[in-house]
Amino acid sequence: MKLALKRFLPFPFITLLLLLTACEPENTPGARAHQQGKLYIVTTTGILRDAVANVVGDQAVVQALMGPGVDPHLYKAALGDLQTLREADIIIYNGLHLEGKMGEVLEKVSRQKKVWAAAEGVPEAQLRKTPEFQDSYDPHIWFDVQLWSQAVEHLSRKLQEQDQAHATQYQANTQRYKSQLDSLHQWTTKEIASIPAQQRILITAHDAFGYFGRAYQIQVQGLQGISTVSEFGLQDVSSLVNFIVSRKVKAVFVESSVSQKAIEAVLEGCRQKGHEVKLGGTLYSDALGEAGGPAGTYMGMVRANVTKIVSALR
Amino acid sequence: MNIDAFWIIFTGSLVAICCSLLGCFLILRRMAMVGDAISHAVLPGIVLAFLFSGSREVWTMLLGAAALGVACTFLIEFFHKKALVQADASIGVTFTWLFALGIILISVYAGKVDLDQDCVLYGEIAYVPLDLWLTETGMNLGPRTVWIIGGVLLILLLFISLFYKQLYLTSFDPAFAAAIGISTTLWYYLLMGAVSLTTVAAFESVGAILVVALMVGPPATAYLLTDNLKKILVISSLLGVIASAAGFYLALWLNGSVAGAISAVIGLQFLLAFVFSPTHGLISRRRIRTAVARA
C-alpha cells in the first residue's frame with residue numbers, strides 16, 4: 001500500500017504544477033485602477049465602501065466584497081475575492097467580529113498589507129459590550145451616526161497619511177461629509193423624538209439596533225440574540241407578546257437578513273390577545289439597499305430606516 | 001494568482017487525501033456520516049471554550065471543538081455498544097443531542113455574542129493563501145493551513161500503513177479480529193480519534209461542507225470501481241486530488257465558492273462511476289444481466 005501510494009501520488013501534483021500556468025486576468029477593477037495610477041481600496045461591506053468613497057471621491061477606486069442585502073455574518077467567499085484582496089492597496093473591514101472568521105484572516109493579512117478596521121476609530125468606552133465577557137463588543141457601530149462619523153474620520157486620517165498627494169482633498173471631502181453626517185444625526189434625533197415617549201419602542205427580529213437605541217433614545221427589543229443559530233424560544237415569543245400588548249406597541253419591524261417567521265409568530269400572538277399590531281416594514285441592518293436606489297448609500301439607508309420607524313410608530 | 005492557485009489546490013488535495021483515507025474505513029463500518037455528525041457536535045465545545053476563556057481566539061475554539069469531536073465519537077460507540085442501537089441511529093442521536101446542547105448553552109449564556117461554528121471555527125479554502133506562517137524574522141513559510149493539514153496527513157499515513165492489518169480486520173470482520181486477539185474497541189477508538197483530529201483541523205482550514213463531502217464522496221466512488229481495500233484507498237485519494245484541482249478551476253470559471261465547486265465535482269465523479277464503472281456500473285451490470293439471460 002505504501003508502494004502504491006508512492007507510485008500514484010506524485011502524478012497529480014506534477015500535472016497540477018503544469019496546469020498552474022493559468023491565465024492572469026488583466027481587466028480587473030484593481031488592474032484598471034493601477035493603470036490610472038489610483039489607489040485600489042477594498043472594503044468588506046457596502047456600508048464601509050460608501051464611507052471610504054465619500055472620503056476619497058474619484059481619486060481612488062473603492063470596491064466592496066459583499067453586495068447589497070448580504071449578511072456579513074454569513075458571507076461565503078467567492079474565489080474572485082482572493083484576487084480582489086490580492087490587488088488591493090488597502091483593505092478596510094469593520095472589525096469587532098462582524099466579519100467572523102474572515103476578520104481573523106484579514107488581521108493576519110495586516111502583517112503584509114495595509115489592513116484597517118473601521119471600529120478602531122471608535123473609543124472603547126463608547127462601544128456596547130456584553131458585561132459578562134471580555135472581547136464581545138456589539139459590532140453594529142454604524143447605527144449611531146455620530147459614532148460612524150468618528151470611524152469615518154479615523155479612516156480618513158489613515159488615508160491622508162497613506163496618500164499624501166491627495167491629503168488636502170481627502171481632508172476637504174471628509175469635512176464636507178462629516179457636516180452632512182452631523183445634520184443627518186440631528187435630523188434623526190429630531191425625527192425619533194417626534195414619536196411620543198411611551199410609543200418609542202423598536203421591536204426587530206435580531207439584535208442589531210443597540211447603538212441606534214442608545215443614540216436616539218428609543219427602547220430596542222430584539223426577538224433573538226446576535227448569533228443566528230440561537231433561534232427564538234417560545235418563552236421569548238410569549239414574553240415579547242406580553243410586552244407589546246402591555247405597552248400597546250403599534251408596529252414591529254423585520255430585517256432583510258432574518259426570517260420573517262419569528263416576527264409573524266409574535267404578530268399572531270398579539271392578535272389572539274386582542275391587540276392589533278402591524279408590520280412596520282423591512283429595515284436595513286447589515287447591508288445597504290440596491291446601488292443607485294434610495295437606500296444605496298449609508299445616508300440614504302439611515303433615512304429610509306428612520307422614515308419607516310417614525311411613520312409606523314407615531 | 002498562480003501561487004495562490006497552487007496553494008489552494010495543494011491544500012484541497014491534502015485535505016482530500018486525509019478525508020478519503022479515513023472515509024474508506026468509515027464506509028466499511030457504515031459510519032460515513034460521522035464527519036457531518038462531528039461538524040454539528042463541536043458546537044457545545046466552542047460555546048464552553050468561549051464561556052471559560054471569554055475569547056473567540058482560534059486555538060481556544062479548536063481545543064473546545066476537538067474535545068467535543070472526540071466525545072461525540074465516544075458517545076456514538078457507547079450508545080451503539082451498550083444500548084445496542086444501529087450505528088446510524090447512534091450517530092443521529094448523539095450529534096443532534098450535542099448540537100441541541102450547544103444551542104441551549106448559547107441562548108442561555110451567550111445570546112448577546114455572535115458565536116457559532118460558521119463565524120468562529122469554519123475556515124474558507126479561498127483564503128488559505130492569505131493566512132501565512134511568518135517567522136520572527138519575517139520569513140515566509142507558506143500558508144499555516146498547509147503545515148497543519150500536512151502534519152495531520154503525515155500522522156494518518158503512518159497510522160494507516162503501520163496498523164493497516166488491524167484497521168482492515170476490525171472494520172471488515174470484527175468477529176474474526178476478536179478471535180485472533182485484536183481489540184475491536186481499541187482500534188475503533190484510535191480510528192475515531194484520528195477522525196476527530198482530522199475533521200476539526202480540516203474544518204478550521206477549509207470549512208465543513210468540503211470535509212463532509214470528501215469523507216464520503218471519493219470513498220463511495222472508489223467502492224464502485226474496485227473491491228480491493230488497498231486499491232480503494234489509493235483510488236479515493238486520487239479522486240479527491242482530481243476533484244480539488246477540477247473544483248478549483250470550476251470555481252475560477254464561475255467565480256464561485258471553491259468548497260462548493262469541489263463538492264460538486266465529487267458528486268459528478270460519483271455519478272460517472274455509478275453509470276460507467278466496469279464492475280458495478282449501471283451499463284456493465286445490464287450487459288452482464290443480458291449475457292446471463294442469453295446463456
# chains A, B, ... in the order shown; residues from 1 in each chain; ligands from 1
$ interface_residues --of "chain B" --to "chain A" --cutoff "8 Å" --atoms "only C-alpha atoms" --output "PyMOL selection string"
chain B and resi 1-2+5-6+10+51+54-56+103-104+106-107+111-116+118-124+126-127+130-132+161+230+234+238+241-242+245+251-252+255-258
$ select_by_dssp --residues "stretch 136-197 of chain A" --states "alpha helix (DSSP H)" --output "JSON, numbers by chain"
{"A": [145, 146, 147, 148, 149, 150, 151, 152, 153, 154, 155, 156, 157, 158, 159, 160, 161, 162, 167, 168, 169, 170, 171, 172, 173, 174, 175, 176, 177, 178, 179, 180, 181, 182, 183, 184, 185, 186, 187, 188, 189, 190, 191, 192, 193]}
$ select_by_dssp --residues "stretch 83-304 of chain A" --states "strand (DSSP E)" --output "NGL selection string"
:A and (90-93 or 114-117 or 201-206 or 219-224 or 251-255 or 278-283)
$ residues_around --residues "A:Ala205" --least-positions-apart "2" --cutoff "6 Å" --atoms "only C-alpha atoms" --output "PyMOL selection string"
chain A and resi 222-223+254
$ closest_residue --among "B:Leu214, B:Leu233, B:Ile288, B:Leu101" --to "B:Val15" --atoms "only C-alpha atoms"
B:Leu214
$ residues_around --residues "A:Ala287" --least-positions-apart "4" --cutoff "7 Å" --atoms "only C-alpha atoms" --output "VMD selection string"
chain A and resid 45 to 47 68 to 71
$ write_last_selection --atoms "C-alpha atoms" --output "CSV table (one decimal), in the first residue's frame"
chain,number,residue,atom,x,y,z
A,45,THR,CA,-19.3,45.6,3.5
A,46,GLY,CA,-21.1,48.1,1.2
A,47,ILE,CA,-21.6,50.5,4.2
A,68,PRO,CA,-26.3,44.7,-1.4
A,69,GLY,CA,-28.5,42.7,1.0
A,70,VAL,CA,-25.7,40.3,2.1
A,71,ASP,CA,-25.5,39.4,5.8
$ closest_residue --among "A:Ala60, A:Leu48, A:Ala215, A:Cys270" --to "A:Ala165" --atoms "only C-alpha atoms"
A:Ala60
$ closest_residue --among "A:Ser311, A:Asn242, A:Thr189, A:Thr28" --to "A:Phe212" --atoms "only C-alpha atoms"
A:Thr189
$ residues_around --residues "stretch 146-154 of chain A" --least-positions-apart "4" --cutoff "6 Å" --atoms "only C-alpha atoms" --output "PDB file with C-alpha atoms, in the first residue's frame"
ATOM      1  CA  ALA A 118     -13.141  50.977  10.987  1.00  0.00           C
ATOM      2  CA  GLY A 121     -11.714  54.774  15.228  1.00  0.00           C
ATOM      3  CA  VAL A 122     -14.333  54.470  17.943  1.00  0.00           C
ATOM      4  CA  TRP A 142     -22.895  52.440  12.060  1.00  0.00           C
TER       5      TRP A 142
END
$ atom_distance --atom1 "atom CA of B:Val47" --atom2 "atom CA of B:Leu105"
6.9 Å
